[in-house]
$ cat upload-v2.tsv   # TSV, C-alpha atoms and all ligand atoms
chain	number	residue	atom	x	y	z
A	183	MET	CA	38.48	-17.31	1.06
A	184	ALA	CA	36.90	-16.76	4.48
A	185	LEU	CA	33.21	-17.67	4.32
A	186	ALA	CA	32.24	-14.47	6.19
A	187	THR	CA	33.53	-12.26	3.38
A	188	ARG	CA	32.70	-14.60	0.48
A	189	ALA	CA	30.01	-13.18	-1.81
A	190	ALA	CA	28.41	-13.80	-5.19
A	191	VAL	CA	29.66	-11.10	-7.54
A	192	VAL	CA	27.94	-10.15	-10.80
A	193	CYS	CA	30.59	-10.35	-13.54
A	194	GLY	CA	28.58	-10.68	-16.76
A	195	LEU	CA	25.25	-9.59	-18.24
A	196	GLY	CA	23.49	-10.66	-21.43
A	197	TRP	CA	20.00	-10.21	-22.80
A	198	TRP	CA	17.97	-11.02	-25.90
A	199	THR	CA	14.50	-10.38	-27.26
A	200	PRO	CA	12.92	-12.10	-30.28
A	201	PRO	CA	13.08	-9.81	-33.34
A	202	ASN	CA	9.33	-9.81	-33.98
A	203	VAL	CA	7.87	-6.59	-32.51
A	204	VAL	CA	4.09	-6.33	-32.03
A	205	THR	CA	2.66	-2.83	-31.61
A	206	ASN	CA	-0.50	-1.88	-29.75
A	207	ASP	CA	-2.14	-1.06	-33.06
A	208	GLN	CA	-1.37	-4.57	-34.33
A	209	LEU	CA	-3.09	-6.00	-31.24
A	210	ALA	CA	-6.01	-3.62	-31.72
A	211	ALA	CA	-6.45	-5.04	-35.23
A	212	VAL	CA	-7.31	-8.47	-33.78
A	213	LEU	CA	-8.67	-7.67	-30.28
A	214	ASP	CA	-11.18	-5.23	-28.81
A	215	THR	CA	-8.51	-2.83	-27.51
A	216	SER	CA	-6.69	0.34	-28.55
A	217	ASP	CA	-3.25	1.90	-28.45
A	218	GLU	CA	-4.72	4.61	-26.23
A	219	TRP	CA	-6.11	2.12	-23.65
A	220	ILE	CA	-2.91	0.08	-23.47
A	221	ARG	CA	-0.59	3.10	-23.19
A	222	SER	CA	-2.73	4.93	-20.66
A	223	ARG	CA	-3.33	1.87	-18.39
A	224	THR	CA	0.01	0.07	-18.67
A	225	GLY	CA	2.65	2.24	-20.37
A	226	VAL	CA	3.34	-0.50	-22.95
A	227	VAL	CA	3.94	0.73	-26.51
A	228	HIS	CA	5.11	-2.51	-28.08
A	229	ARG	CA	6.43	-5.92	-27.06
A	230	HIS	CA	8.60	-8.64	-28.60
A	231	VAL	CA	6.85	-11.89	-29.47
A	232	ALA	CA	8.57	-15.20	-30.19
A	233	ASP	CA	7.74	-16.85	-33.50
A	234	ALA	CA	5.58	-19.98	-33.36
A	235	GLY	CA	7.77	-22.90	-32.32
A	236	MET	CA	10.44	-20.70	-30.68
A	237	ALA	CA	10.80	-22.15	-27.18
A	238	THR	CA	12.06	-20.61	-23.94
A	239	SER	CA	15.33	-22.57	-24.24
A	240	GLU	CA	16.15	-20.73	-27.48
A	241	LEU	CA	15.80	-17.34	-25.79
A	242	ALA	CA	17.71	-18.57	-22.74
A	243	VAL	CA	20.63	-19.76	-24.89
A	244	GLU	CA	20.85	-16.39	-26.67
A	245	ALA	CA	20.95	-14.47	-23.38
A	246	GLY	CA	23.23	-17.03	-21.72
A	247	GLN	CA	25.78	-16.88	-24.56
A	248	ARG	CA	25.95	-13.10	-24.27
A	249	ALA	CA	26.31	-13.20	-20.48
A	250	LEU	CA	29.16	-15.72	-20.70
A	251	LYS	CA	30.89	-13.57	-23.32
A	252	SER	CA	30.42	-10.48	-21.17
A	253	ALA	CA	32.02	-12.37	-18.25
A	254	ASP	CA	34.74	-13.73	-20.58
A	255	LEU	CA	34.00	-17.24	-19.33
A	256	ALA	CA	33.50	-20.48	-21.28
A	257	ALA	CA	32.58	-22.58	-18.25
A	258	VAL	CA	30.53	-22.30	-15.07
A	259	ASP	CA	29.69	-24.77	-12.29
A	260	ALA	CA	25.92	-24.39	-12.31
A	261	LEU	CA	23.08	-22.98	-14.40
A	262	ILE	CA	19.80	-21.78	-12.93
A	263	LEU	CA	16.90	-20.92	-15.23
A	264	ALA	CA	13.99	-18.89	-13.89
A	265	THR	CA	10.94	-19.51	-16.05
A	266	SER	CA	7.25	-20.27	-15.87
A	267	THR	CA	7.12	-21.25	-19.52
A	268	PRO	CA	9.53	-24.22	-19.64
A	269	ASP	CA	9.88	-26.05	-22.97
A	270	TYR	CA	8.06	-29.02	-21.37
A	271	HIS	CA	6.18	-29.61	-18.10
A	272	CYS	CA	8.83	-32.24	-17.45
A	273	PRO	CA	11.85	-32.27	-17.45
A	274	ALA	CA	13.26	-28.88	-16.48
A	275	THR	CA	14.62	-26.73	-19.32
A	276	ALA	CA	17.92	-25.73	-17.65
A	277	PRO	CA	19.85	-28.96	-18.44
A	278	GLU	CA	19.08	-28.60	-22.17
A	279	VAL	CA	20.14	-24.94	-22.08
A	280	ALA	CA	23.40	-25.93	-20.36
A	281	THR	CA	24.10	-28.55	-23.01
A	282	ARG	CA	23.36	-26.16	-25.87
A	283	LEU	CA	25.69	-23.59	-24.28
A	284	GLY	CA	28.46	-26.22	-24.27
A	285	LEU	CA	28.64	-26.14	-20.48
A	286	ASP	CA	29.23	-29.87	-20.14
A	287	VAL	CA	27.48	-31.85	-17.40
A	288	ILE	CA	27.08	-29.13	-14.79
A	289	ALA	CA	24.31	-28.79	-12.19
A	290	ALA	CA	21.27	-27.25	-13.89
A	291	PHE	CA	17.75	-26.65	-12.64
A	292	ASP	CA	14.69	-24.46	-13.14
A	293	VAL	CA	13.19	-22.05	-10.62
A	294	ALA	CA	9.46	-21.34	-10.89
A	295	ALA	CA	8.46	-18.10	-9.18
A	296	VAL	CA	6.78	-16.38	-12.17
A	297	CYS	CA	7.72	-12.67	-12.24
A	298	SER	CA	9.85	-12.95	-9.08
A	299	GLY	CA	11.76	-15.84	-10.65
A	300	PHE	CA	14.91	-13.94	-11.52
A	301	VAL	CA	15.40	-12.63	-7.97
A	302	TYR	CA	14.71	-16.11	-6.56
A	303	ALA	CA	17.21	-17.59	-9.03
A	304	LEU	CA	19.82	-14.99	-8.04
A	305	ALA	CA	19.27	-15.97	-4.39
A	306	ASN	CA	19.78	-19.64	-5.32
A	307	GLY	CA	22.96	-18.79	-7.21
A	308	ALA	CA	24.26	-16.64	-4.36
A	309	GLY	CA	23.46	-19.49	-1.97
A	310	LEU	CA	25.42	-22.06	-4.02
A	311	ILE	CA	28.40	-19.70	-4.01
A	312	ALA	CA	28.09	-18.79	-0.32
A	313	ALA	CA	27.99	-22.50	0.60
A	314	GLY	CA	31.07	-23.23	-1.49
A	315	ILE	CA	29.09	-25.60	-3.75
A	316	ALA	CA	29.88	-23.53	-6.85
A	317	ASP	CA	32.34	-20.79	-7.78
A	318	ARG	CA	30.61	-19.59	-10.98
A	319	VAL	CA	26.88	-19.68	-11.69
A	320	LEU	CA	24.96	-18.65	-14.80
A	321	VAL	CA	21.54	-17.28	-13.79
A	322	ILE	CA	19.02	-16.86	-16.62
A	323	GLY	CA	15.50	-15.47	-16.60
A	324	ALA	CA	13.59	-16.41	-19.76
A	325	ASP	CA	9.95	-16.62	-20.70
A	326	VAL	CA	7.92	-17.07	-23.84
A	327	PHE	CA	4.98	-15.77	-21.87
A	328	THR	CA	2.90	-15.25	-24.99
A	329	SER	CA	2.79	-19.06	-25.36
A	330	ILE	CA	0.46	-19.36	-22.33
A	331	LEU	CA	-1.82	-16.40	-23.08
A	332	ASN	CA	-5.40	-16.80	-24.21
A	333	PRO	CA	-5.42	-15.38	-27.76
A	334	ARG	CA	-8.83	-13.83	-26.97
A	335	ASP	CA	-7.81	-12.20	-23.64
A	336	ARG	CA	-7.18	-8.52	-24.33
A	337	THR	CA	-6.05	-7.82	-20.76
A	338	THR	CA	-3.10	-10.21	-20.72
A	339	ARG	CA	-2.15	-9.89	-24.38
A	340	ALA	CA	-1.87	-6.13	-23.94
A	341	ILE	CA	0.72	-6.49	-21.19
A	342	PHE	CA	2.98	-9.47	-21.72
A	343	GLY	CA	5.91	-10.01	-24.07
A	344	ASP	CA	8.78	-12.49	-24.54
A	345	GLY	CA	12.47	-12.17	-23.70
A	346	ALA	CA	15.49	-13.45	-21.82
A	347	GLY	CA	18.26	-12.00	-19.69
A	348	ALA	CA	21.15	-13.50	-17.77
A	349	VAL	CA	23.94	-12.70	-15.35
A	350	VAL	CA	27.07	-14.60	-14.43
A	351	LEU	CA	27.89	-14.77	-10.73
A	352	ARG	CA	31.40	-15.60	-9.49
A	353	ALA	CA	32.79	-16.12	-6.02
A	354	GLY	CA	34.29	-12.91	-4.72
A	355	ASN	CA	34.42	-10.57	-1.80
A	356	VAL	CA	31.56	-8.67	-0.14
A	357	HIS	CA	33.46	-5.40	-0.59
A	358	GLU	CA	33.80	-5.67	-4.38
A	359	LEU	CA	31.63	-3.84	-6.88
A	360	GLY	CA	29.02	-6.33	-8.11
A	361	ALA	CA	28.74	-8.24	-4.82
A	362	LEU	CA	25.11	-9.16	-4.20
A	363	GLY	CA	23.96	-7.88	-0.83
A	364	PRO	CA	21.22	-9.25	1.38
A	365	PHE	CA	18.01	-10.74	-0.01
A	366	SER	CA	14.45	-10.27	1.13
A	367	LEU	CA	12.23	-13.05	-0.25
A	368	GLY	CA	8.63	-13.93	0.52
A	369	SER	CA	5.45	-15.65	-0.61
A	370	ASP	CA	1.76	-15.82	0.19
A	371	GLY	CA	-0.12	-18.84	-1.19
A	372	ARG	CA	-3.45	-17.29	-0.18
A	373	GLY	CA	-3.11	-15.25	-3.37
A	374	ALA	CA	-2.33	-18.23	-5.62
A	375	ASN	CA	-5.61	-17.85	-7.50
A	376	LEU	CA	-4.88	-14.24	-8.50
A	377	ILE	CA	-2.31	-15.30	-11.12
A	378	MET	CA	-2.69	-18.82	-12.47
A	379	ILE	CA	-3.31	-21.34	-15.22
A	380	PRO	CA	-6.14	-23.39	-13.64
A	381	ASP	CA	-5.87	-26.46	-15.91
A	382	GLY	CA	-3.02	-28.68	-17.02
A	383	GLY	CA	-1.30	-29.24	-13.67
A	384	SER	CA	-1.66	-32.26	-11.38
A	385	ARG	CA	-4.80	-30.83	-9.73
A	386	ARG	CA	-6.74	-30.66	-12.99
A	387	PRO	CA	-4.82	-32.59	-15.62
A	388	GLY	CA	-6.13	-32.89	-19.14
A	389	PRO	CA	-9.47	-31.64	-20.43
A	390	GLY	CA	-12.43	-32.17	-18.07
A	391	ALA	CA	-16.19	-32.25	-18.67
A	392	GLY	CA	-17.82	-28.85	-18.28
A	393	ARG	CA	-14.53	-27.00	-17.91
A	394	ASP	CA	-14.07	-23.62	-19.44
A	395	GLU	CA	-11.70	-23.76	-22.41
A	396	SER	CA	-10.07	-20.55	-21.19
A	397	ASP	CA	-8.88	-22.35	-18.02
A	398	ARG	CA	-5.93	-23.80	-19.87
A	399	TYR	CA	-4.55	-20.30	-20.34
A	400	PHE	CA	-2.86	-17.83	-18.01
A	401	ALA	CA	-5.30	-15.58	-16.15
A	402	MET	CA	-4.73	-12.68	-13.79
A	403	ASN	CA	-6.98	-10.63	-11.50
A	404	GLY	CA	-5.28	-7.40	-12.53
A	405	LYS	CA	-6.87	-5.01	-10.03
A	406	ALA	CA	-6.19	-7.22	-6.98
A	407	VAL	CA	-2.65	-7.96	-8.15
A	408	TYR	CA	-1.99	-4.28	-8.75
A	409	ARG	CA	-2.87	-3.34	-5.16
A	410	LYS	CA	-0.84	-6.19	-3.64
A	411	ALA	CA	2.11	-5.51	-5.94
A	412	VAL	CA	2.59	-1.90	-4.90
A	413	ALA	CA	2.35	-2.52	-1.14
A	414	THR	CA	4.51	-5.65	-1.25
A	415	ILE	CA	7.26	-4.24	-3.47
A	416	VAL	CA	7.51	-1.20	-1.18
A	417	ALA	CA	7.74	-3.44	1.92
A	418	SER	CA	10.33	-5.88	0.55
A	419	THR	CA	12.44	-3.06	-0.93
A	420	THR	CA	12.36	-1.23	2.40
A	421	ARG	CA	13.35	-4.47	4.16
A	422	VAL	CA	16.36	-5.14	1.96
A	423	LEU	CA	17.54	-1.54	2.36
A	424	GLU	CA	17.31	-1.96	6.14
A	425	LEU	CA	19.27	-5.22	5.99
A	426	ALA	CA	22.02	-3.49	3.99
A	427	GLU	CA	21.83	-0.33	6.10
A	428	TRP	CA	21.40	1.79	2.98
A	429	PRO	CA	19.21	4.88	3.34
A	430	VAL	CA	16.66	5.28	0.52
A	431	SER	CA	18.51	8.45	-0.50
A	432	ALA	CA	21.59	6.29	-1.32
A	433	VAL	CA	19.76	4.38	-4.08
A	434	ASP	CA	21.00	5.47	-7.52
A	435	LEU	CA	18.74	3.15	-9.47
A	436	LEU	CA	15.62	1.17	-8.57
A	437	VAL	CA	15.21	-1.73	-10.99
A	438	CYS	CA	11.71	-2.99	-10.42
A	439	HIS	CA	9.96	-5.84	-12.23
A	440	GLN	CA	8.31	-4.16	-15.21
A	441	ALA	CA	4.65	-5.07	-14.62
A	442	ASN	CA	2.95	-1.76	-15.27
A	443	GLN	CA	4.31	1.80	-15.60
A	444	PHE	CA	1.87	2.97	-12.94
A	445	ILE	CA	3.08	0.34	-10.47
A	446	LEU	CA	6.63	1.68	-11.01
A	447	GLU	CA	5.44	5.22	-10.40
A	448	ALA	CA	3.42	4.30	-7.30
A	449	VAL	CA	6.34	2.33	-5.84
A	450	ALA	CA	8.84	5.13	-6.54
A	451	SER	CA	6.52	7.70	-5.04
A	452	ARG	CA	5.86	5.69	-1.86
A	453	LEU	CA	9.58	5.03	-1.41
A	454	ASP	CA	10.31	8.70	-2.09
A	455	ILE	CA	12.62	7.84	-5.00
A	456	PRO	CA	12.36	10.26	-7.95
A	457	MET	CA	11.25	8.63	-11.23
A	458	GLU	CA	14.62	9.57	-12.84
A	459	ARG	CA	16.12	6.96	-10.50
A	460	CYS	CA	13.52	4.29	-11.30
A	461	LEU	CA	14.40	2.34	-14.46
A	462	SER	CA	11.58	1.80	-16.92
A	463	ASN	CA	11.65	-0.02	-20.26
A	464	ILE	CA	8.11	-1.41	-20.11
A	465	ASP	CA	7.17	0.77	-23.08
A	466	GLN	CA	9.50	-1.30	-25.30
A	467	VAL	CA	9.10	-4.84	-23.97
A	468	GLY	CA	5.98	-5.06	-21.83
A	469	ASN	CA	5.95	-7.47	-18.91
A	470	THR	CA	8.46	-10.23	-19.71
A	471	ALA	CA	8.04	-12.13	-16.40
A	472	ALA	CA	11.33	-13.79	-15.36
A	473	ALA	CA	13.27	-11.85	-18.01
A	474	SER	CA	12.01	-8.48	-16.85
A	475	ILE	CA	14.78	-7.43	-14.44
A	476	PRO	CA	17.80	-8.52	-16.51
A	477	LEU	CA	16.24	-6.96	-19.64
A	478	ALA	CA	15.79	-3.73	-17.68
A	479	LEU	CA	19.43	-3.91	-16.57
A	480	GLY	CA	20.48	-4.30	-20.22
A	481	TYR	CA	18.40	-1.30	-21.15
A	482	GLY	CA	19.96	0.65	-18.26
A	483	LEU	CA	23.46	-0.10	-19.54
A	484	GLU	CA	22.57	0.82	-23.11
A	485	CYS	CA	20.93	4.12	-22.22
A	486	GLY	CA	23.63	5.08	-19.69
A	487	ALA	CA	21.30	5.11	-16.67
A	488	LEU	CA	23.29	2.28	-15.08
A	489	ARG	CA	26.94	2.98	-14.38
A	490	PRO	CA	29.75	1.33	-12.38
A	491	GLY	CA	29.53	2.16	-8.69
A	492	HIS	CA	25.80	2.90	-8.80
A	493	ARG	CA	23.85	1.58	-5.84
A	494	VAL	CA	21.17	-0.56	-7.47
A	495	VAL	CA	18.13	-2.28	-5.94
A	496	LEU	CA	16.45	-5.17	-7.79
A	497	THR	CA	12.88	-5.83	-6.69
A	498	ALA	CA	10.13	-8.08	-8.03
A	499	PHE	CA	6.61	-9.33	-7.39
A	500	GLY	CA	4.60	-12.01	-9.13
A	501	GLY	CA	2.45	-15.12	-9.16
A	502	GLY	CA	2.40	-17.40	-6.17
A	503	LEU	CA	2.19	-14.82	-4.80
A	504	THR	CA	5.95	-14.34	-4.55
A	505	TRP	CA	8.28	-11.40	-4.13
A	506	GLY	CA	11.95	-10.68	-3.67
A	507	ALA	CA	14.52	-7.92	-3.50
A	508	THR	CA	18.29	-7.67	-3.40
A	509	LEU	CA	20.89	-4.99	-4.05
A	510	LEU	CA	24.43	-4.38	-5.27
A	511	ARG	CA	26.87	-1.70	-6.29
A	512	TRP	CA	27.01	-2.02	-10.07
A	513	PRO	CA	30.29	-3.45	-11.45
A	514	GLU	CA	32.33	-2.52	-14.51
A	515	LEU	CA	31.00	-4.90	-17.20
A	516	THR	CA	31.67	-5.60	-20.84
A	517	CYS	CA	28.44	-4.95	-22.75
A	518	VAL	CA	27.64	-7.65	-25.36
A	519	THR	CA	24.67	-6.96	-27.64
B	1	LIG	O1	3.75	-9.43	-13.40
B	1	LIG	C1	3.06	-9.88	-12.26
B	1	LIG	C2	2.36	-8.79	-11.59
B	1	LIG	N1	1.37	-8.24	-12.46
B	1	LIG	C3	0.88	-7.05	-12.21
B	1	LIG	O2	1.32	-6.40	-11.28
B	1	LIG	C4	-0.27	-6.52	-13.04
B	1	LIG	C5	-1.11	-5.60	-12.21
B	1	LIG	N2	-2.34	-5.14	-12.85
B	1	LIG	C6	-2.35	-4.26	-13.87
B	1	LIG	O3	-1.33	-3.87	-14.39
B	1	LIG	C7	-3.68	-3.72	-14.30
B	1	LIG	O4	-4.68	-4.08	-13.37
B	1	LIG	C8	-4.13	-4.17	-15.73
B	1	LIG	C9	-3.28	-3.47	-16.75
B	1	LIG	C10	-3.98	-5.69	-15.83
B	1	LIG	C11	-5.58	-3.81	-15.99
B	1	LIG	O5	-5.78	-2.41	-15.85
B	1	LIG	P1	-6.97	-1.86	-14.96
B	1	LIG	O6	-6.91	-0.40	-15.06
B	1	LIG	O7	-6.83	-2.47	-13.59
B	1	LIG	O8	-8.23	-2.38	-15.72
B	1	LIG	P2	-9.39	-3.35	-15.19
B	1	LIG	O9	-8.94	-4.75	-15.13
B	1	LIG	O10	-10.05	-2.78	-13.99
B	1	LIG	O11	-10.43	-3.20	-16.38
B	1	LIG	C12	-11.09	-1.97	-16.65
B	1	LIG	C13	-11.84	-2.12	-17.95
B	1	LIG	C14	-12.67	-3.39	-18.01
B	1	LIG	O12	-13.86	-3.12	-18.73
B	1	LIG	P3	-15.23	-2.86	-17.95
B	1	LIG	O13	-15.49	-4.09	-17.13
B	1	LIG	O14	-15.00	-1.64	-17.10
B	1	LIG	O15	-16.20	-2.67	-19.06
B	1	LIG	C15	-11.82	-4.31	-18.84
B	1	LIG	O16	-12.56	-5.29	-19.52
B	1	LIG	O17	-10.91	-2.18	-19.02
B	1	LIG	C16	-11.20	-3.33	-19.82
B	1	LIG	N3	-9.96	-3.81	-20.41
B	1	LIG	C17	-9.54	-3.37	-21.60
B	1	LIG	N4	-10.06	-2.50	-22.47
B	1	LIG	C18	-9.37	-2.27	-23.61
B	1	LIG	C19	-9.08	-4.71	-19.92
B	1	LIG	N5	-8.08	-4.87	-20.79
B	1	LIG	C20	-8.35	-4.06	-21.84
B	1	LIG	C21	-7.68	-3.80	-23.05
B	1	LIG	N6	-8.23	-2.89	-23.89
B	1	LIG	N7	-6.51	-4.38	-23.37
$ encode --input "upload-v2.tsv" --output "structure tokens"
Amino acid sequence: MALATRAAVVCGLGWWTPPNVVTNDQLAAVLDTSDEWIRSRTGVVHRHVADAGMATSELAVEAGQRALKSADLAAVDALILATSTPDYHCPATAPEVATRLGLDVIAAFDVAAVCSGFVYALANGAGLIAAGIADRVLVIGADVFTSILNPRDRTTRAIFGDGAGAVVLRAGNVHELGALGPFSLGSDGRGANLIMIPDGGSRRPGPGAGRDESDRYFAMNGKAVYRKAVATIVASTTRVLELAEWPVSAVDLLVCHQANQFILEAVASRLDIPMERCLSNIDQVGNTAAASIPLALGYGLECGALRPGHRVVLTAFGGGLTWGATLLRWPELTCVT
């Protein structure tokens, strides 16, 4: 195939959430919060929470199996796992997921870009295919985000949930349905401190004298992140539309990282995209970090909002700070639940 027309084509989708559902009222029973506060500030109604001991690899395998079945494939050439909650600090989780999926000794690696991880992983997968290094790539976004939350932090516990989603990419043609279009990726390390776990990395390993116990948990400056998220998602989405030469009016479905219902509404409004064309499932799953976009795609298929031929934009923003957007015309896919 000529390299100029070679593209990564989405040919399978799978997703999975742990069965345990935690409502806002259940959180309010153990934290100083309320269903009213959480709904009115975030749009979250409930979230799925992994049982104790259930690791990210377990969720990734569930979603990966379904994606492979949806693509009707038993083998791929590479597996990329986007996560910021790997089973271990070292090694990466992707090789173990590949083994458990029976994918033999393929290339497998993790991508760490927090809530932008899935778009970054898609870009990596598309790059492997474009370079001719792989013909089929399984891209998974999975996080047990609740495992890094401070049990006493009402702000983060109100928002985040656990889940996994995956797509299979295959080598194809830029003109096919499912072909991933251009990418717009970016980062700004000046905002690293807005979303972070201060302790436990190489800068501050282990417990230190005088350190705050809460520093070993995930923390976010919600207000500052909110403002950056809206402006940055609008800019990177606009950029990817320009690269593809799609007018905003051509977008059938905006699939934005599900961080907060009011971020989705602000982004849609600034882009002049009506909310009916902006997918939202945050009420059911909360913010699931790297799993957010593929879980939203699964929801879109199930509820009929996402149909073959639709012009779809995927756009994310998260810790790092990082962001990314890409687009495609949605393919005909077998739905595996
Ligand atoms: O996924 C990566 C990207 N992440 C995001 O984009 C998240 C962006 N940020 C947000 O979604 C919002 O900023 C939050 C949902 C995190 C917070 O909402 P907010 O409206 O910005 O609230 P706030 O942080 O300004 O806090 C307002 C008040 C504070 O109390 P005081 O200081 O005014 O007394 C908080 O302590 O709300 C309090 N608060 C809560 N109250 C009840 C914070 N969390 C809760 C809670 N229940 N769960």
$ residues_near_ligand --input "upload-v2.tsv" --ligand "ligand LIG 1 (chain B)" --cutoff "8 Å" --atoms "only C-alpha atoms and all ligand atoms" --output "ChimeraX atom specification"
/A:213-216,219-220,223-224,296-297,335-341,377,402-412,439-442,444-445,469-471,499-501
$ closest_residue --input "upload-v2.tsv" --among "A:Asp207, A:Asp344, A:Asp217, A:Asp370" --to "Trp505 of chain A" --atoms "all atoms listed in the file"
A:Asp370
$ closest_atom_pairs --input "upload-v2.tsv" --of "segment 317-435 of chain A" --to "segment 248-254 of chain A" --cutoff "7 Å" --atoms "all atoms listed in the file" --output "JSON lines"
{"residue": "A:Ala348", "atom": "CA", "partner": "A:Ala249", "partner_atom": "CA", "distance": 5.8}
{"residue": "A:Val349", "atom": "CA", "partner": "A:Ala249", "partner_atom": "CA", "distance": 5.7}
{"residue": "A:Val350", "atom": "CA", "partner": "A:Ala249", "partner_atom": "CA", "distance": 6.3}
$ closest_residue --input "upload-v2.tsv" --among "A:Leu436, A:Ala274, A:Ala487, A:Ala260" --to "Thr238 of chain A" --atoms "only C-alpha atoms"
A:Ala274
$ atom_distance --input "upload-v2.tsv" --atom1 "atom CA of Phe342 of chain A" --atom2 "atom CA of Asp465 of chain A"
11.1 Å
$ atom_distance --input "upload-v2.tsv" --atom1 "atom CA of Gly347 of chain A" --atom2 "atom CA of Ser329 of chain A"
17.9 Å
$ closest_residue --input "upload-v2.tsv" --among "A:His271, A:His228, A:Arg318, A:Arg282" --to "Asp259 of chain A" --atoms "all atoms listed in the file"
A:Arg318
$ residues_around --input "upload-v2.tsv" --residues "Leu285 of chain A" --least-positions-apart "5" --cutoff "7 Å" --atoms "all atoms listed in the file" --output "ChimeraX atom specification"
/A:257-258,280
$ atom_distance --input "upload-v2.tsv" --atom1 "atom CA of Pro273 of chain A" --atom2 "atom CA of Phe300 of chain A"
19.5 Å
$ closest_residue --input "upload-v2.tsv" --among "A:Ala295, A:Ile379, A:Ala211, A:Ala290" --to "Ile330 of chain A" --atoms "only C-alpha atoms"
A:Ile379
$ residues_around --input "upload-v2.tsv" --residues "segment 385-399 of chain A" --least-positions-apart "3" --cutoff "8 Å" --atoms "all atoms listed in the file" --output "PDB file with C-alpha atoms, keeping the file's coordinate frame"
ATOM      1  CA  ILE A 330       0.460 -19.360 -22.330  1.00  0.00           C
ATOM      2  CA  LEU A 331      -1.820 -16.400 -23.080  1.00  0.00           C
ATOM      3  CA  ASN A 332      -5.400 -16.800 -24.210  1.00  0.00           C
ATOM      4  CA  ILE A 379      -3.310 -21.340 -15.220  1.00  0.00           C
ATOM      5  CA  PRO A 380      -6.140 -23.390 -13.640  1.00  0.00           C
ATOM      6  CA  ASP A 381      -5.870 -26.460 -15.910  1.00  0.00           C
ATOM      7  CA  GLY A 382      -3.020 -28.680 -17.020  1.00  0.00           C
TER       8      GLY A 382
END
$ build_atoms --input "upload-v2.tsv" --residues "segment 291-295 of chain A" --atoms "all heavy atoms" --output "mmCIF file, keeping the file's coordinate frame"
data_model
loop_
_atom_site.group_PDB
_atom_site.id
_atom_site.type_symbol
_atom_site.label_atom_id
_atom_site.label_comp_id
_atom_site.auth_asym_id
_atom_site.auth_seq_id
_atom_site.Cartn_x
_atom_site.Cartn_y
_atom_site.Cartn_z
ATOM 1 N N PHE A 291 19.138 -26.471 -13.071
ATOM 2 C CA PHE A 291 17.750 -26.650 -12.640
ATOM 3 C C PHE A 291 16.934 -25.387 -12.880
ATOM 4 O O PHE A 291 17.483 -24.296 -13.016
ATOM 5 C CB PHE A 291 17.674 -27.053 -11.158
ATOM 6 C CG PHE A 291 18.301 -26.078 -10.192
ATOM 7 C CD1 PHE A 291 17.533 -25.128 -9.550
ATOM 8 C CD2 PHE A 291 19.660 -26.136 -9.908
ATOM 9 C CE1 PHE A 291 18.100 -24.230 -8.639
ATOM 10 C CE2 PHE A 291 20.241 -25.238 -9.003
ATOM 11 C CZ PHE A 291 19.460 -24.282 -8.367
ATOM 12 N N ASP A 292 15.606 -25.583 -12.947
ATOM 13 C CA ASP A 292 14.690 -24.460 -13.140
ATOM 14 C C ASP A 292 14.181 -23.946 -11.790
ATOM 15 O O ASP A 292 14.074 -24.712 -10.830
ATOM 16 C CB ASP A 292 13.450 -24.893 -13.943
ATOM 17 C CG ASP A 292 13.744 -25.183 -15.410
ATOM 18 O OD1 ASP A 292 14.925 -25.112 -15.813
ATOM 19 O OD2 ASP A 292 12.775 -25.486 -16.138
ATOM 20 N N VAL A 293 13.848 -22.670 -11.779
ATOM 21 C CA VAL A 293 13.190 -22.050 -10.620
ATOM 22 C C VAL A 293 11.872 -21.477 -11.125
ATOM 23 O O VAL A 293 11.855 -20.744 -12.115
ATOM 24 C CB VAL A 293 14.071 -20.928 -10.035
ATOM 25 C CG1 VAL A 293 13.278 -20.033 -9.106
ATOM 26 C CG2 VAL A 293 15.272 -21.519 -9.307
ATOM 27 N N ALA A 294 10.775 -21.828 -10.461
ATOM 28 C CA ALA A 294 9.460 -21.340 -10.890
ATOM 29 C C ALA A 294 8.923 -20.376 -9.845
ATOM 30 O O ALA A 294 8.436 -20.801 -8.798
ATOM 31 C CB ALA A 294 8.502 -22.508 -11.081
ATOM 32 N N ALA A 295 9.043 -19.097 -10.079
ATOM 33 C CA ALA A 295 8.460 -18.100 -9.180
ATOM 34 C C ALA A 295 7.864 -16.958 -10.015
ATOM 35 O O ALA A 295 7.860 -15.805 -9.593
ATOM 36 C CB ALA A 295 9.473 -17.583 -8.173
#
